[in-house]
>>> print(open('start_27.cif').read())   # mmCIF, C-alpha atoms and all ligand atoms
data_final
#
loop_
_atom_site.label_atom_id
_atom_site.label_comp_id
_atom_site.auth_asym_id
_atom_site.auth_seq_id
_atom_site.Cartn_x
_atom_site.Cartn_y
_atom_site.Cartn_z
CA MET A 1 -53.74 16.94 -23.50
CA ARG A 2 -54.57 17.11 -19.83
CA ARG A 3 -52.18 19.21 -17.75
CA ALA A 4 -51.55 18.00 -14.24
CA TYR A 5 -51.84 20.15 -11.16
CA ASN A 6 -48.20 20.46 -10.16
CA PHE A 7 -47.66 21.32 -6.49
CA CYS A 8 -43.85 21.37 -6.77
CA ALA A 9 -42.05 23.95 -4.60
CA GLY A 10 -39.81 24.92 -7.50
CA PRO A 11 -39.33 24.75 -10.38
CA ALA A 12 -43.04 25.29 -10.06
CA THR A 13 -46.11 25.37 -12.22
CA LEU A 14 -46.34 28.24 -14.70
CA PRO A 15 -49.50 29.79 -16.12
CA GLU A 16 -50.70 27.62 -18.99
CA SER A 17 -51.33 30.65 -21.21
CA VAL A 18 -47.72 31.74 -20.74
CA LEU A 19 -46.43 28.33 -21.81
CA GLN A 20 -48.81 28.39 -24.75
CA GLN A 21 -47.58 31.81 -25.85
CA ALA A 22 -43.96 30.73 -25.49
CA SER A 23 -44.79 27.68 -27.57
CA ASP A 24 -46.50 29.77 -30.26
CA GLU A 25 -43.50 32.11 -30.38
CA MET A 26 -40.85 29.42 -30.10
CA LEU A 27 -39.77 29.15 -33.74
CA ASN A 28 -40.43 32.67 -34.91
CA TRP A 29 -40.80 35.46 -32.39
CA ARG A 30 -43.23 38.01 -33.83
CA GLY A 31 -41.98 37.80 -37.39
CA SER A 32 -38.30 38.11 -36.44
CA GLY A 33 -37.60 34.75 -38.08
CA MET A 34 -35.91 33.57 -34.89
CA SER A 35 -36.62 32.09 -31.51
CA VAL A 36 -35.96 34.43 -28.58
CA MET A 37 -33.38 31.83 -27.55
CA GLU A 38 -31.40 32.53 -30.72
CA MET A 39 -31.43 36.33 -30.57
CA SER A 40 -28.45 38.47 -29.77
CA HIS A 41 -28.94 39.96 -26.34
CA ARG A 42 -27.82 43.25 -27.89
CA SER A 43 -30.47 43.13 -30.64
CA ASP A 44 -33.28 45.68 -30.69
CA GLU A 45 -35.78 42.85 -30.35
CA PHE A 46 -34.27 41.38 -27.21
CA VAL A 47 -33.55 44.74 -25.62
CA ALA A 48 -37.25 45.55 -26.10
CA ILE A 49 -38.25 42.25 -24.44
CA ALA A 50 -35.86 42.90 -21.54
CA GLU A 51 -36.99 46.47 -21.00
CA ALA A 52 -40.67 45.54 -21.13
CA ALA A 53 -40.10 42.85 -18.49
CA GLU A 54 -38.38 45.32 -16.18
CA LYS A 55 -41.06 47.96 -16.73
CA ASP A 56 -43.85 45.46 -15.98
CA LEU A 57 -42.10 44.21 -12.85
CA ARG A 58 -41.61 47.79 -11.66
CA GLU A 59 -45.29 48.45 -12.21
CA LEU A 60 -46.46 45.22 -10.56
CA ALA A 61 -44.28 45.51 -7.48
CA GLY A 62 -44.42 49.30 -7.29
CA VAL A 63 -40.64 49.64 -7.47
CA PRO A 64 -39.62 53.27 -6.81
CA ASP A 65 -37.24 55.01 -9.25
CA ASP A 66 -34.39 55.07 -6.78
CA TYR A 67 -34.20 51.27 -6.94
CA ALA A 68 -32.37 49.27 -9.60
CA VAL A 69 -33.91 46.06 -10.93
CA LEU A 70 -31.31 43.45 -11.85
CA PHE A 71 -31.77 40.18 -13.74
CA MET A 72 -28.90 38.04 -12.46
CA GLN A 73 -27.91 34.39 -12.64
CA GLY A 74 -26.91 31.63 -10.26
CA GLY A 75 -30.26 31.32 -8.50
CA ALA A 76 -31.14 32.67 -5.10
CA SER A 77 -28.30 30.68 -3.51
CA SER A 78 -25.67 32.79 -5.25
CA GLN A 79 -27.21 35.82 -3.54
CA PHE A 80 -26.35 34.30 -0.17
CA ALA A 81 -22.76 35.33 -0.98
CA THR A 82 -23.47 38.27 -3.28
CA VAL A 83 -25.37 40.14 -0.56
CA PRO A 84 -22.55 40.23 2.03
CA LEU A 85 -19.88 40.85 -0.61
CA ASN A 86 -21.76 43.93 -1.80
CA LEU A 87 -23.42 45.29 1.30
CA LEU A 88 -20.89 44.90 4.10
CA GLY A 89 -18.93 47.93 2.87
CA ASP A 90 -16.53 48.93 5.64
CA ARG A 91 -18.52 47.02 8.27
CA THR A 92 -17.76 43.50 9.43
CA SER A 93 -21.06 42.27 10.82
CA ALA A 94 -24.59 41.62 9.65
CA ASP A 95 -27.84 40.65 11.38
CA TYR A 96 -29.74 37.56 10.28
CA ILE A 97 -33.08 36.15 11.40
CA ASP A 98 -33.22 32.37 11.56
CA THR A 99 -36.65 31.05 10.67
CA GLY A 100 -35.71 27.78 9.00
CA ILE A 101 -33.67 25.97 6.41
CA TRP A 102 -33.36 28.77 3.86
CA SER A 103 -32.36 31.41 6.37
CA GLN A 104 -29.81 28.95 7.77
CA LYS A 105 -28.29 28.49 4.32
CA ALA A 106 -28.04 32.25 3.92
CA ILE A 107 -26.42 32.49 7.37
CA ALA A 108 -23.89 29.74 6.65
CA GLU A 109 -22.78 31.43 3.44
CA ALA A 110 -22.64 34.90 4.99
CA ARG A 111 -20.34 33.55 7.71
CA ARG A 112 -17.66 33.13 5.04
CA TYR A 113 -17.53 36.92 4.74
CA ALA A 114 -19.03 38.46 7.83
CA SER A 115 -19.47 38.08 11.51
CA VAL A 116 -23.12 37.04 11.65
CA ASN A 117 -25.33 38.01 14.55
CA VAL A 118 -28.44 35.85 14.67
CA ALA A 119 -30.71 38.57 16.02
CA ALA A 120 -33.69 36.26 16.45
CA SER A 121 -34.49 32.62 15.87
CA SER A 122 -37.55 30.42 15.61
CA ARG A 123 -35.49 27.48 16.85
CA ALA A 124 -36.80 27.37 20.44
CA GLY A 125 -40.37 26.71 19.34
CA GLY A 126 -39.37 24.22 16.64
CA TYR A 127 -39.66 26.69 13.72
CA VAL A 128 -43.43 27.03 13.96
CA ASP A 129 -43.61 30.73 14.83
CA ILE A 130 -41.62 33.95 14.67
CA PRO A 131 -40.42 35.85 17.73
CA ASP A 132 -41.94 39.31 18.29
CA GLN A 133 -39.72 42.03 17.03
CA ASP A 134 -39.34 43.56 20.48
CA GLU A 135 -37.48 40.37 21.50
CA TRP A 136 -34.93 40.64 18.68
CA GLN A 137 -31.35 41.52 19.53
CA PRO A 138 -29.93 43.42 16.62
CA ASP A 139 -26.31 44.53 16.50
CA PRO A 140 -26.13 48.33 16.26
CA HIS A 141 -23.11 48.01 13.94
CA ALA A 142 -24.72 45.58 11.50
CA ALA A 143 -24.32 46.46 7.82
CA TYR A 144 -27.79 45.08 7.06
CA LEU A 145 -30.52 42.85 8.44
CA HIS A 146 -31.37 39.75 6.40
CA TYR A 147 -34.51 37.67 6.70
CA THR A 148 -36.51 35.11 4.73
CA PRO A 149 -40.12 36.33 4.49
CA ASN A 150 -41.32 32.88 3.45
CA GLU A 151 -39.59 29.64 4.40
CA THR A 152 -40.39 27.40 1.45
CA ILE A 153 -39.67 24.15 3.27
CA GLY A 154 -41.11 24.91 6.71
CA GLY A 155 -44.13 26.79 5.37
CA LEU A 156 -43.51 29.65 7.83
CA GLU A 157 -44.24 33.15 6.53
CA PHE A 158 -43.85 36.60 8.09
CA ASP A 159 -47.11 38.53 8.32
CA PHE A 160 -45.18 41.75 8.95
CA VAL A 161 -42.21 43.58 7.52
CA PRO A 162 -39.55 43.99 10.21
CA ASP A 163 -38.57 47.49 11.22
CA SER A 164 -34.81 47.72 10.84
CA GLY A 165 -34.49 51.45 11.44
CA ASP A 166 -31.62 52.89 9.41
CA VAL A 167 -30.10 49.48 8.81
CA PRO A 168 -30.91 48.28 5.27
CA LEU A 169 -33.44 45.46 5.31
CA VAL A 170 -32.58 42.55 2.98
CA ALA A 171 -35.15 39.90 2.08
CA ASP A 172 -34.94 36.55 0.32
CA MET A 173 -38.37 36.67 -1.30
CA SER A 174 -37.83 33.65 -3.54
CA SER A 175 -41.08 31.93 -2.63
CA THR A 176 -43.31 34.90 -1.87
CA ILE A 177 -42.47 37.70 -4.29
CA LEU A 178 -45.49 39.04 -6.19
CA SER A 179 -47.88 36.89 -4.15
CA ARG A 180 -49.42 39.93 -2.45
CA PRO A 181 -48.84 43.70 -2.32
CA LEU A 182 -45.49 44.85 -1.01
CA ASP A 183 -44.00 48.19 0.04
CA VAL A 184 -40.62 48.02 -1.67
CA SER A 185 -39.52 51.28 -0.06
CA ARG A 186 -39.19 49.45 3.28
CA PHE A 187 -36.33 47.39 1.87
CA GLY A 188 -32.70 48.00 1.02
CA LEU A 189 -32.60 44.91 -1.16
CA ILE A 190 -34.94 42.14 -2.25
CA TYR A 191 -33.86 39.05 -4.15
CA ALA A 192 -35.86 36.17 -5.52
CA GLY A 193 -34.98 33.04 -7.40
CA ALA A 194 -37.35 32.94 -10.35
CA GLN A 195 -38.57 29.35 -10.32
CA LYS A 196 -41.65 29.89 -8.13
CA ASN A 197 -43.56 33.05 -8.97
CA ILE A 198 -41.48 34.43 -11.85
CA GLY A 199 -40.24 31.89 -14.38
CA PRO A 200 -37.43 29.43 -15.06
CA SER A 201 -34.80 28.49 -12.47
CA GLY A 202 -31.33 29.99 -12.65
CA LEU A 203 -32.61 33.52 -13.07
CA VAL A 204 -32.63 35.63 -9.92
CA VAL A 205 -34.27 39.02 -9.72
CA VAL A 206 -32.69 41.64 -7.45
CA ILE A 207 -34.34 44.91 -6.48
CA VAL A 208 -31.81 47.16 -4.76
CA ARG A 209 -31.84 50.73 -3.51
CA ARG A 210 -29.35 52.62 -5.62
CA ASP A 211 -27.46 54.16 -2.71
CA LEU A 212 -26.38 50.61 -1.75
CA LEU A 213 -24.59 50.12 -5.07
CA GLY A 214 -20.86 50.63 -5.40
CA LYS A 215 -19.83 49.27 -2.00
CA ALA A 216 -18.65 45.83 -3.14
CA ARG A 217 -15.50 44.47 -1.61
CA LYS A 218 -12.41 44.49 -3.81
CA GLU A 219 -12.38 40.72 -4.15
CA THR A 220 -16.01 40.54 -5.31
CA PRO A 221 -16.22 38.72 -8.65
CA THR A 222 -17.17 41.23 -11.36
CA MET A 223 -20.22 39.15 -12.19
CA MET A 224 -21.46 39.48 -8.62
CA ASP A 225 -20.97 43.22 -8.29
CA TYR A 226 -24.39 44.89 -8.18
CA ARG A 227 -23.04 48.17 -9.50
CA VAL A 228 -21.42 46.53 -12.51
CA THR A 229 -24.66 44.66 -13.16
CA ALA A 230 -26.74 47.84 -12.82
CA ASP A 231 -24.37 49.90 -14.99
CA HIS A 232 -24.62 47.31 -17.75
CA GLY A 233 -28.39 46.87 -17.64
CA SER A 234 -27.84 43.28 -16.38
CA MET A 235 -25.89 42.57 -19.58
CA TYR A 236 -22.27 42.67 -18.43
CA ASN A 237 -22.13 39.20 -19.92
CA THR A 238 -24.74 37.27 -21.88
CA PRO A 239 -27.79 37.20 -19.63
CA SER A 240 -30.14 34.27 -19.34
CA THR A 241 -32.17 35.64 -22.24
CA TYR A 242 -34.86 33.02 -22.54
CA SER A 243 -35.58 33.04 -18.79
CA TRP A 244 -35.80 36.83 -18.86
CA TYR A 245 -38.29 36.63 -21.75
CA LEU A 246 -40.40 34.03 -19.94
CA ALA A 247 -40.35 36.15 -16.77
CA GLY A 248 -41.68 38.99 -18.91
CA LEU A 249 -44.56 36.81 -20.11
CA VAL A 250 -45.37 35.90 -16.50
CA PHE A 251 -45.37 39.60 -15.54
CA GLN A 252 -47.80 40.34 -18.38
CA TRP A 253 -50.01 37.48 -17.25
CA LEU A 254 -49.96 38.84 -13.68
CA LYS A 255 -51.05 42.25 -14.94
CA GLU A 256 -53.91 40.61 -16.82
CA GLN A 257 -54.98 38.90 -13.57
CA GLY A 258 -55.29 42.30 -11.91
CA GLY A 259 -51.77 42.56 -10.47
CA VAL A 260 -50.59 41.69 -7.01
CA THR A 261 -53.64 43.03 -5.18
CA ALA A 262 -55.99 40.68 -7.01
CA MET A 263 -53.40 37.92 -6.81
CA GLY A 264 -53.11 38.45 -3.04
CA GLU A 265 -56.85 38.06 -2.62
CA THR A 266 -56.88 34.84 -4.62
CA ASN A 267 -53.85 33.52 -2.76
CA ALA A 268 -55.40 34.31 0.61
CA ARG A 269 -58.56 32.47 -0.40
CA LYS A 270 -56.64 29.44 -1.68
CA ALA A 271 -54.60 29.24 1.53
CA ARG A 272 -57.66 29.73 3.76
CA LYS A 273 -59.47 26.91 2.02
CA LEU A 274 -56.62 24.45 2.33
CA TYR A 275 -55.67 25.28 5.94
CA GLY A 276 -59.36 25.37 6.88
CA PHE A 277 -59.81 21.88 5.51
CA ILE A 278 -56.66 20.62 7.27
CA ASP A 279 -57.77 22.14 10.59
CA ARG A 280 -61.23 20.58 10.38
CA SER A 281 -59.77 17.17 9.70
CA ASP A 282 -58.50 14.81 12.41
CA PHE A 283 -56.36 13.04 9.86
CA TYR A 284 -54.26 15.89 8.40
CA SER A 285 -52.37 18.50 10.38
CA ASN A 286 -50.12 21.51 9.95
CA PRO A 287 -47.92 22.58 12.88
CA ILE A 288 -47.39 26.29 12.07
CA ALA A 289 -48.91 29.01 14.27
CA PRO A 290 -51.96 30.14 12.24
CA ARG A 291 -50.71 33.72 12.03
CA PHE A 292 -47.49 32.64 10.33
CA ARG A 293 -48.80 30.03 7.94
CA SER A 294 -47.41 30.41 4.46
CA TRP A 295 -49.78 31.34 1.67
CA MET A 296 -47.49 29.66 -0.84
CA ASN A 297 -46.19 26.45 0.73
CA VAL A 298 -48.53 24.32 2.80
CA PRO A 299 -46.81 21.42 4.57
CA PHE A 300 -49.06 18.85 6.18
CA ILE A 301 -48.71 15.45 7.75
CA LEU A 302 -50.97 12.43 7.76
CA ALA A 303 -52.01 10.95 11.11
CA ASP A 304 -50.45 7.66 9.99
CA GLU A 305 -47.07 8.08 8.33
CA ALA A 306 -47.28 4.57 6.91
CA LEU A 307 -49.91 5.92 4.51
CA ASN A 308 -47.58 8.53 2.93
CA GLY A 309 -46.69 6.35 -0.03
CA ALA A 310 -50.32 5.46 -0.75
CA PHE A 311 -51.28 9.12 -0.48
CA VAL A 312 -48.69 10.20 -3.02
CA ARG A 313 -49.53 7.36 -5.42
CA GLY A 314 -53.25 8.07 -5.25
CA ALA A 315 -52.58 11.74 -5.89
CA GLU A 316 -50.47 10.95 -8.94
CA GLU A 317 -53.29 8.83 -10.33
CA ARG A 318 -55.43 11.97 -10.20
CA ALA A 319 -52.68 14.06 -11.81
CA LEU A 320 -51.93 15.87 -8.54
CA LEU A 321 -48.15 15.92 -8.65
CA ASN A 322 -45.17 16.61 -6.39
CA LEU A 323 -46.97 16.54 -3.05
CA LYS A 324 -44.22 14.66 -1.24
CA GLY A 325 -42.66 16.91 1.43
CA HIS A 326 -39.07 18.09 1.32
CA ARG A 327 -36.64 15.25 2.04
CA SER A 328 -35.44 17.01 5.20
CA VAL A 329 -38.87 17.17 6.86
CA GLY A 330 -40.97 14.42 5.31
CA GLY A 331 -44.76 14.48 5.23
CA MET A 332 -46.48 16.35 2.41
CA ARG A 333 -46.23 19.85 1.00
CA ALA A 334 -48.54 21.57 -1.44
CA SER A 335 -47.01 24.62 -3.05
CA ILE A 336 -49.78 26.85 -4.28
CA TYR A 337 -48.00 29.73 -5.98
CA ASN A 338 -49.66 32.39 -8.13
CA ALA A 339 -49.94 30.09 -11.13
CA MET A 340 -51.78 27.34 -9.22
CA PRO A 341 -55.43 27.89 -10.05
CA GLU A 342 -58.00 27.73 -7.29
CA ALA A 343 -59.43 24.68 -9.07
CA GLY A 344 -56.13 22.91 -8.30
CA VAL A 345 -56.60 23.55 -4.59
CA ASP A 346 -60.20 22.32 -4.85
CA ALA A 347 -59.02 19.16 -6.61
CA LEU A 348 -56.46 18.57 -3.88
CA ILE A 349 -59.04 19.01 -1.13
CA ASP A 350 -61.42 16.62 -2.93
CA TYR A 351 -58.70 14.02 -3.09
CA MET A 352 -57.69 14.52 0.54
CA THR A 353 -61.33 14.11 1.58
CA VAL A 354 -61.69 10.84 -0.30
CA PHE A 355 -58.35 9.51 0.93
CA GLU A 356 -59.25 10.27 4.54
CA LYS A 357 -62.64 8.56 4.21
CA GLU A 358 -61.12 5.46 2.66
CA ARG A 359 -58.00 5.13 4.79
CA ALA A 360 -58.38 6.87 8.12
N1 LIG B 401 -34.29 30.78 -0.83
C1 LIG B 401 -35.52 30.24 -0.76
C2 LIG B 401 -36.51 30.83 0.18
C3 LIG B 401 -35.85 29.15 -1.57
O1 LIG B 401 -37.06 28.60 -1.50
C4 LIG B 401 -34.88 28.62 -2.45
C5 LIG B 401 -35.17 27.46 -3.37
N2 LIG B 401 -36.14 26.61 -3.04
C6 LIG B 401 -33.62 29.20 -2.47
C7 LIG B 401 -33.37 30.28 -1.66
C8 LIG B 401 -32.54 28.68 -3.37
O2 LIG B 401 -32.84 28.98 -4.67
P1 LIG B 401 -31.95 28.49 -5.89
O3 LIG B 401 -32.18 27.05 -6.03
O4 LIG B 401 -32.47 29.32 -7.02
O5 LIG B 401 -30.53 28.82 -5.56
#
>>> encode(input="start_27.cif", output="structure tokens")
Amino acid sequence: MRRAYNFCAGPATLPESVLQQASDEMLNWRGSGMSVMEMSHRSDEFVAIAEAAEKDLRELAGVPDDYAVLFMQGGASSQFATVPLNLLGDRTSADYIDTGIWSQKAIAEARRYASVNVAASSRAGGYVDIPDQDEWQPDPHAAYLHYTPNETIGGLEFDFVPDSGDVPLVADMSSTILSRPLDVSRFGLIYAGAQKNIGPSGLVVVIVRRDLLGKARKETPTMMDYRVTADHGSMYNTPSTYSWYLAGLVFQWLKEQGGVTAMGETNARKARKLYGFIDRSDFYSNPIAPRFRSWMNVPFILADEALNGAFVRGAEERALLNLKGHRSVGGMRASIYNAMPEAGVDALIDYMTVFEKERA
């Protein structure tokens, strides 16, 4: 069977060897006589799977001991509310940086609980660059500063970690986590929906400095309280066991690839190739300031929009899938997460070359 190259932004392509292993273990996990999906989450077998996944993630991301790692549910979007509910404490305001659609969704949800100060925005330039930090206007009373290191739809990615001083820095890393090395100690809290670089959708991984636990507002649903989740090893209720297991397989795969340093080098090369090709072409273009171009999500437009349909159809014929851009922005988008092999990027560039020659 020929697997397609799937450029979907999420749920996204997973490493083939991970899917193969999951398939091999589907009916009978390592002699247990059961699928992981059928195991009690309290069983020794599953607890071992869960602990190994956490240990591997800690190792991969270099998570210091004074941070809790939580495997929660409800996707990254549920964190848009969970973050303010837990981190506001006795404060009433929070700083947010607006770099595009995902930061705006986080801002809109936070406004239900907090007075949001948009400390900086990419709006003026049309969301193609990020204002210098010395132009930001943070609120000295903010409980935390939230930003979106990689805007999955816009394809705009920070090439620096903001300095938030003593204010805890909170990052929605859904579409960039584990794509390159990261200094976790710079952050108060990191969250990431799993369906790009980690595993199945629905699961959301939270890495939170332990001194930020235990500040949840009274009305916070128990299931959304970070301290309750941490105290119960992410098993206050039945966790998303199969997703957690699959995430663990992805973490093992990442370690086999050489971890995030090696992955970062490959990702940089993949992105350079694709942007380099786009920049050399008169037919394709990407509007983002080169410094802030996403390594993971590469939006591009065709010189003639009327050719979009033909482009997508031709790509599908070559088993290059899900290249149509997000419905809100149009054009094309190639998501090239960790699990997209370099050969997939090469195949895409080959196709784009042929299409341009035939149609431009
Ligand atoms: N934040 C970012 C940066 C995303 O890319 C996405 C999903 N594409 C979300 C949040 C929302 O994730 P979920 O669908 O898991 O709620």
>>> residues_near_ligand(input="start_27.cif", ligand="ligand LIG 401 (chain B)", cutoff="7 Å", atoms="only C-alpha atoms and all ligand atoms", output="list in words")
Ala9, Gly10, Gly74, Gly75, Ala76, Ser77, Ser78, Trp102, Thr148, Asn150, Glu151, Thr152, Asp172, Met173, Ser174, Ser175, Gly193, Ala194, Gln195, Ser201, Gly202 and Val204 of chain A
>>> atom_distance(input="start_27.cif", atom1="CA of Val260 in chain A", atom2="CA of Val184 in chain A")
13.0 Å
>>> closest_residue(input="start_27.cif", among="A:Met340, A:Leu182, A:Val83, A:Leu254", to="Met296 in chain A", atoms="all atoms listed in the file")
A:Met340
>>> closest_residue(input="start_27.cif", among="A:Ile349, A:Leu70, A:Ala124, A:Ala339", to="Pro11 in chain A", atoms="all atoms listed in the file")
A:Ala339
>>> closest_residue(input="start_27.cif", among="A:Arg123, A:Lys357, A:Trp29, A:Leu321", to="Arg3 in chain A", atoms="only C-alpha atoms")
A:Leu321
>>> axis_aligned_box(input="start_27.cif", around="range 121-125 of chain A", padding_each_side="5 Å", output="AutoDock Vina command-line options")
--center_x -37.4 --center_y 29.7 --center_z 18.0 --size_x 15.9 --size_y 15.9 --size_z 14.8
>>> residues_near_point(input="start_27.cif", point="(-49.1, 45.0, 6.0)", cutoff="9 Å", atoms="all atoms listed in the file", output="count of residues only")
6
>>> atom_distance(input="start_27.cif", atom1="CA of Pro168 in chain A", atom2="CA of Val208 in chain A")
10.1 Å
>>> residues_around(input="start_27.cif", residues="range 283-288 of chain A", least_positions_apart="4", cutoff="10 Å", atoms="only C-alpha atoms", output="ChimeraX atom specification")
/A:126-130,154-157,275,277-279,292-294,298-304,332-333,352-353,355-357,359-360
